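Trainee: So that you have it, the file is input_18.txt, and it contains compact mmCIF, C-alpha atoms:
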# COMPACT_ATOMS: atom_id res chain seq x y z
CA THR A 22 -26.24 -1.41 -26.56
CA PRO A 23 -29.99 -1.03 -26.91
CA THR A 24 -31.43 1.13 -24.17
CA PRO A 25 -35.10 1.92 -23.61
CA ARG A 26 -35.00 5.42 -25.11
CA PRO A 27 -33.40 4.49 -28.46
CA LEU A 28 -35.62 1.39 -28.70
CA THR A 29 -38.71 3.57 -28.23
CA LEU A 30 -37.50 6.18 -30.72
CA ALA A 31 -36.77 3.46 -33.27
CA GLN A 32 -40.21 1.92 -32.71
CA TYR A 33 -41.94 5.19 -33.54
CA GLY A 34 -39.68 5.94 -36.51
CA GLU A 35 -38.13 9.06 -35.01
CA MET A 36 -34.59 7.79 -35.12
CA ASP A 37 -32.22 6.80 -37.86
CA VAL A 38 -31.05 3.21 -37.81
CA SER A 39 -27.42 2.52 -37.02
CA LYS A 40 -26.08 -0.88 -37.98
CA LEU A 41 -23.16 -2.38 -36.10
CA ASP A 42 -22.08 -5.34 -38.18
CA GLU A 43 -18.92 -6.39 -36.37
CA MET A 44 -17.95 -7.48 -32.89
CA PRO A 45 -15.57 -5.42 -30.75
CA PRO A 46 -11.95 -6.58 -31.24
CA GLY A 47 -11.22 -9.89 -29.53
CA ARG A 48 -14.86 -10.74 -28.83
CA GLN A 49 -16.21 -14.19 -29.65
CA PRO A 50 -19.69 -15.02 -30.96
CA ILE A 51 -22.08 -16.14 -28.21
CA ASP A 52 -24.29 -19.18 -28.77
CA THR A 53 -27.60 -18.26 -27.13
CA ARG A 54 -30.12 -20.99 -26.27
CA VAL A 55 -33.61 -20.83 -24.80
CA VAL A 56 -34.31 -23.63 -22.32
CA ALA A 57 -37.41 -24.42 -20.26
CA ALA A 58 -37.03 -24.26 -16.47
CA GLU A 59 -38.10 -27.91 -16.32
CA ARG A 60 -34.63 -28.75 -17.67
CA PHE A 61 -32.96 -27.26 -14.58
CA GLU A 62 -31.03 -30.46 -13.79
CA ASP A 63 -29.72 -30.61 -17.37
CA VAL A 64 -28.49 -27.01 -17.06
CA VAL A 65 -26.75 -27.76 -13.75
CA ALA A 66 -25.11 -30.83 -15.32
CA GLY A 67 -23.95 -28.59 -18.18
CA ILE A 68 -22.45 -26.15 -15.67
CA ALA A 69 -20.61 -29.07 -14.04
CA ARG A 70 -19.14 -30.15 -17.38
CA HIS A 71 -18.24 -26.56 -18.21
CA ILE A 72 -16.36 -25.77 -15.01
CA GLU A 73 -14.56 -29.11 -15.12
CA THR A 74 -12.81 -27.82 -18.26
CA GLY A 75 -11.40 -24.93 -16.22
CA GLN A 76 -13.84 -22.34 -17.52
CA GLN A 77 -16.03 -20.15 -15.34
CA ALA A 78 -19.75 -19.40 -15.47
CA TYR A 79 -22.36 -16.91 -14.29
CA TRP A 80 -25.82 -17.79 -12.97
CA VAL A 81 -28.19 -14.80 -12.84
CA CYS A 82 -31.44 -14.69 -10.85
CA PRO A 83 -34.11 -11.96 -10.92
CA MET A 84 -34.42 -11.63 -7.13
CA VAL A 85 -32.08 -11.50 -4.13
CA ARG A 86 -34.19 -13.65 -1.83
CA GLU A 87 -37.38 -15.66 -2.03
CA HIS A 88 -40.66 -13.82 -1.66
CA GLU A 89 -43.91 -15.38 -0.54
CA THR A 90 -45.95 -13.87 -3.40
CA GLU A 91 -43.42 -14.46 -6.19
CA ASP A 92 -42.35 -17.86 -7.49
CA LEU A 93 -39.08 -16.63 -8.93
CA ALA A 94 -35.50 -17.82 -8.57
CA ALA A 95 -33.71 -15.98 -5.79
CA ALA A 96 -29.95 -15.58 -5.83
CA GLU A 97 -29.49 -16.52 -2.15
CA ALA A 98 -31.50 -19.74 -2.49
CA ARG A 99 -29.86 -20.66 -5.80
CA PHE A 100 -26.43 -19.99 -4.28
CA ALA A 101 -27.22 -22.36 -1.39
CA GLU A 102 -28.45 -25.04 -3.80
CA LEU A 103 -25.48 -24.77 -6.15
CA THR A 104 -23.03 -24.65 -3.23
CA GLU A 105 -24.36 -28.06 -2.14
CA ARG A 106 -23.35 -29.38 -5.57
CA PHE A 107 -20.13 -27.44 -6.24
CA GLY A 108 -18.86 -26.49 -2.79
CA ASN A 109 -16.67 -23.45 -2.29
CA ARG A 110 -16.25 -23.01 -6.05
CA VAL A 111 -19.46 -20.91 -5.95
CA VAL A 112 -19.64 -17.24 -4.90
CA LEU A 113 -22.62 -14.92 -4.46
CA VAL A 114 -23.00 -11.27 -5.46
CA HIS A 115 -26.06 -9.05 -5.20
CA GLY A 116 -26.79 -5.42 -4.50
CA GLN A 117 -27.82 -5.94 -0.88
CA LEU A 118 -24.47 -7.45 0.15
CA LYS A 119 -22.08 -5.27 2.11
CA PRO A 120 -19.58 -3.75 -0.34
CA GLU A 121 -16.61 -5.59 1.19
CA LEU A 122 -18.38 -8.97 0.81
CA LYS A 123 -19.39 -8.19 -2.75
CA ASP A 124 -15.86 -7.06 -3.63
CA ALA A 125 -14.31 -10.16 -2.04
CA ALA A 126 -16.61 -12.48 -4.00
CA MET A 127 -15.93 -10.62 -7.26
CA GLU A 128 -12.17 -10.80 -6.60
CA ARG A 129 -12.31 -14.56 -5.98
CA PHE A 130 -14.19 -14.98 -9.26
CA ALA A 131 -11.92 -12.63 -11.23
CA ARG A 132 -8.80 -14.44 -9.94
CA GLY A 133 -10.29 -17.81 -10.94
CA GLU A 134 -10.56 -19.08 -7.37
CA ALA A 135 -14.32 -19.50 -7.84
CA ALA A 136 -15.78 -21.22 -10.89
CA LEU A 137 -19.42 -20.11 -10.61
CA LEU A 138 -20.75 -16.66 -9.76
CA VAL A 139 -24.41 -16.55 -8.70
CA ALA A 140 -25.72 -13.01 -8.96
CA THR A 141 -28.53 -10.62 -9.64
CA THR A 142 -28.29 -7.99 -12.38
CA VAL A 143 -25.65 -6.17 -10.32
CA ILE A 144 -23.14 -7.75 -12.74
CA GLU A 145 -24.88 -6.18 -15.76
CA VAL A 146 -22.04 -3.73 -16.42
CA GLY A 147 -18.42 -3.31 -15.42
CA VAL A 148 -17.54 -7.00 -15.08
CA ASP A 149 -14.79 -8.37 -17.31
CA VAL A 150 -13.68 -11.95 -16.62
CA PRO A 151 -12.37 -13.37 -19.94
CA ASN A 152 -12.32 -16.94 -18.54
CA ALA A 153 -16.10 -16.82 -17.91
CA SER A 154 -17.66 -18.31 -21.02
CA LEU A 155 -21.11 -19.50 -19.88
CA MET A 156 -24.03 -17.38 -18.70
CA VAL A 157 -27.26 -18.85 -17.32
CA ILE A 158 -30.09 -16.36 -16.90
CA GLU A 159 -32.93 -17.86 -14.90
CA HIS A 160 -36.46 -16.53 -15.51
CA ALA A 161 -35.14 -14.72 -18.58
CA GLU A 162 -38.68 -13.71 -19.46
CA ARG A 163 -38.58 -11.33 -16.48
CA PHE A 164 -35.74 -9.26 -17.93
CA GLY A 165 -35.91 -6.63 -20.62
CA LEU A 166 -34.06 -6.77 -23.93
CA SER A 167 -31.44 -4.27 -22.73
CA GLN A 168 -30.74 -6.25 -19.56
CA LEU A 169 -30.45 -9.53 -21.45
CA HIS A 170 -28.08 -7.91 -23.92
CA GLN A 171 -25.93 -6.44 -21.14
CA LEU A 172 -25.87 -9.68 -19.14
CA ARG A 173 -25.01 -11.77 -22.19
CA GLY A 174 -22.16 -9.36 -22.85
CA ARG A 175 -20.35 -10.61 -19.73
CA VAL A 176 -19.30 -13.71 -21.72
CA GLY A 177 -17.57 -13.92 -25.08
CA ARG A 178 -14.64 -11.82 -23.87
CA GLY A 179 -11.96 -14.52 -23.94
CA ALA A 180 -10.48 -16.85 -26.54
CA VAL A 181 -13.01 -19.66 -25.89
CA ALA A 182 -16.42 -19.93 -27.57
CA SER A 183 -19.14 -18.74 -25.19
CA ALA A 184 -22.75 -19.61 -24.57
CA CYS A 185 -25.77 -18.00 -22.90
CA VAL A 186 -28.67 -20.10 -21.62
CA LEU A 187 -31.97 -18.24 -21.23
CA MET A 188 -34.08 -20.33 -18.86
CA TYR A 189 -37.77 -19.49 -18.91
CA SER A 190 -40.75 -20.54 -16.87
CA GLY A 191 -43.86 -21.55 -18.77
CA GLN A 192 -46.13 -20.17 -16.05
Would you mind writing the file's structure down as structure tokens?
Mentor:
Amino acid sequence: TPTPRPLTLAQYGEMDVSKLDEMPPGRQPIDTRVVAAERFEDVVAGIARHIETGQQAYWVCPMVREHETEDLAAAEARFAELTERFGNRVVLVHGQLKPELKDAAMERFARGEAALLVATTVIEVGVDVPNASLMVIEHAERFGLSQLHQLRGRVGRGAVASACVLMYSGQ
């Protein structure tokens, strides 16, 4: 996993290069696509098709809640919007939730009772749901390479081909 320190050392030539040329056992390749935010409705329609097959998906936002000076996707607002479309098949997780609420949402998702997990980067590590095979990262341009790599690593853990959609804003 690239972290800031090794990336910096590699940039300045003070580190040998290590090449990992194989996936961990059982991991599937991840088809990563870059999509403009203007195609939001297309992405939501893709999520609908995806979860209708019985698979699960993640939707990651850079902020917990909307802020008057930032025009960024907020997990709470996106959760409300996606819940209108998908009902109780959507759960929300972010770092400001009480631990018991966060754990309950993660359990529902891990057991397959929820099809879509809307979250912040709190899911970056330690989440292993093999049935989750689609990751949408909204405002991907706001995340660093290490974060994108870690987030994308939440999919591709099961037997089904996985995909990661990096939505960006042209602003």
Trainee: Counting all atoms listed in the file, which residue out of A:Ser183, A:Thr104, A:Thr29, A:Gln77 sits closest to A:Ala153?
Mentor: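 Of the candidates, the smallest distance to A:Ala153 is held by A:Gln77.
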Trainee: I'd like the contact shell of A:Gly177 - 9 Å cut-off, all atoms listed in the file, skipping same-chain residues fewer than 6 positions apart - returned as a CSV table (one decimal) with C-alpha atoms, in the coordinates of the input.
Mentor:
chain,number,residue,atom,x,y,z
A,47,GLY,CA,-11.2,-9.9,-29.5
A,48,ARG,CA,-14.9,-10.7,-28.8
A,49,GLN,CA,-16.2,-14.2,-29.6
A,50,PRO,CA,-19.7,-15.0,-31.0
A,51,ILE,CA,-22.1,-16.1,-28.2
A,151,PRO,CA,-12.4,-13.4,-19.9
A,152,ASN,CA,-12.3,-16.9,-18.5
A,153,ALA,CA,-16.1,-16.8,-17.9
A,154,SER,CA,-17.7,-18.3,-21.0
A,155,LEU,CA,-21.1,-19.5,-19.9
A,183,SER,CA,-19.1,-18.7,-25.2
A,184,ALA,CA,-22.8,-19.6,-24.6
Trainee: Could you check how far atom CA of A:Arg163 sits from atom CA of A:Glu59, in Å to one decimal?
Mentor: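 These two atoms are separated by 16.6 Å.
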Trainee: Report the closest atom pair, with its distance in Å rounded to one decimal, for each residue of stretch 66-110 of chain A that has an atom no farther than 9 Å from stretch 122-139 of chain A; count all atoms listed in the file, sort by chain and then rising residue number, and write it as JSON lines.
Mentor:
{"residue": "A:Ile68", "atom": "CA", "partner": "A:Leu137", "partner_atom": "CA", "distance": 8.4}
{"residue": "A:Ile72", "atom": "CA", "partner": "A:Ala136", "partner_atom": "CA", "distance": 6.2}
{"residue": "A:Gly75", "atom": "CA", "partner": "A:Ala136", "partner_atom": "CA", "distance": 7.8}
{"residue": "A:Gln76", "atom": "CA", "partner": "A:Ala136", "partner_atom": "CA", "distance": 7.0}
{"residue": "A:Gln77", "atom": "CA", "partner": "A:Ala136", "partner_atom": "CA", "distance": 4.6}
{"residue": "A:Ala78", "atom": "CA", "partner": "A:Leu137", "partner_atom": "CA", "distance": 4.9}
{"residue": "A:Tyr79", "atom": "CA", "partner": "A:Leu138", "partner_atom": "CA", "distance": 4.8}
{"residue": "A:Trp80", "atom": "CA", "partner": "A:Val139", "partner_atom": "CA", "distance": 4.7}
{"residue": "A:Val81", "atom": "CA", "partner": "A:Val139", "partner_atom": "CA", "distance": 5.9}
{"residue": "A:Cys82", "atom": "CA", "partner": "A:Val139", "partner_atom": "CA", "distance": 7.6}
{"residue": "A:Ala96", "atom": "CA", "partner": "A:Val139", "partner_atom": "CA", "distance": 6.3}
{"residue": "A:Glu97", "atom": "CA", "partner": "A:Val139", "partner_atom": "CA", "distance": 8.3}
{"residue": "A:Arg99", "atom": "CA", "partner": "A:Val139", "partner_atom": "CA", "distance": 7.4}
{"residue": "A:Phe100", "atom": "CA", "partner": "A:Val139", "partner_atom": "CA", "distance": 6.0}
{"residue": "A:Leu103", "atom": "CA", "partner": "A:Val139", "partner_atom": "CA", "distance": 8.7}
{"residue": "A:Phe107", "atom": "CA", "partner": "A:Leu137", "partner_atom": "CA", "distance": 8.6}
{"residue": "A:Asn109", "atom": "CA", "partner": "A:Ala135", "partner_atom": "CA", "distance": 7.2}
{"residue": "A:Arg110", "atom": "CA", "partner": "A:Ala135", "partner_atom": "CA", "distance": 4.4}
Trainee: How many Å lie between atom CA of A:Ala101 and atom CA of A:Met84, rounded to one decimal?
Mentor: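 Interatomic distance here is 14.1 Å.
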Trainee: In the coordinate frame of the file, compute which residues have an atom within 12 Å of (-33.6, -7.1, -21.8) when using all atoms listed in the file, and state them as a CSV table (one decimal) with C-alpha atoms, keeping the file's coordinate frame.
Mentor:
chain,number,residue,atom,x,y,z
A,22,THR,CA,-26.2,-1.4,-26.6
A,23,PRO,CA,-30.0,-1.0,-26.9
A,24,THR,CA,-31.4,1.1,-24.2
A,25,PRO,CA,-35.1,1.9,-23.6
A,28,LEU,CA,-35.6,1.4,-28.7
A,83,PRO,CA,-34.1,-12.0,-10.9
A,142,THR,CA,-28.3,-8.0,-12.4
A,145,GLU,CA,-24.9,-6.2,-15.8
A,158,ILE,CA,-30.1,-16.4,-16.9
A,160,HIS,CA,-36.5,-16.5,-15.5
A,161,ALA,CA,-35.1,-14.7,-18.6
A,162,GLU,CA,-38.7,-13.7,-19.5
A,163,ARG,CA,-38.6,-11.3,-16.5
A,164,PHE,CA,-35.7,-9.3,-17.9
A,165,GLY,CA,-35.9,-6.6,-20.6
A,166,LEU,CA,-34.1,-6.8,-23.9
A,167,SER,CA,-31.4,-4.3,-22.7
A,168,GLN,CA,-30.7,-6.2,-19.6
A,169,LEU,CA,-30.4,-9.5,-21.4
A,170,HIS,CA,-28.1,-7.9,-23.9
A,171,GLN,CA,-25.9,-6.4,-21.1
A,172,LEU,CA,-25.9,-9.7,-19.1
A,173,ARG,CA,-25.0,-11.8,-22.2
A,174,GLY,CA,-22.2,-9.4,-22.8
A,187,LEU,CA,-32.0,-18.2,-21.2
Trainee: Quick one, how far is atom CA of A:Glu43 from atom CA of A:Gly67?
Mentor: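 One can read the atom CA of A:Glu43 to atom CA of A:Gly67 distance as 29.1 Å.
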Trainee: Name the closest residue to A:Glu159 among the candidates A:Arg60, A:Asp52, A:Asp42, A:Val186; distances are taken between atoms, counting only C-alpha atoms.
Mentor: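 Among the listed residues, A:Val186 lies closest to A:Glu159.
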Trainee: From the set A:Ala58, A:Val114, A:Val176, A:Cys185, which residue has the shortest atom-to-atom contact distance to A:Leu93, counting all atoms listed in the file?
Mentor: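 Of the candidates, the smallest distance to A:Leu93 is held by A:Ala58.
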Trainee: Counting all atoms listed in the file, figure out which residue out of A:Val64, A:Thr141, A:Arg54, A:Pro46 gets nearest to A:Arg86.
Mentor: A:Thr141
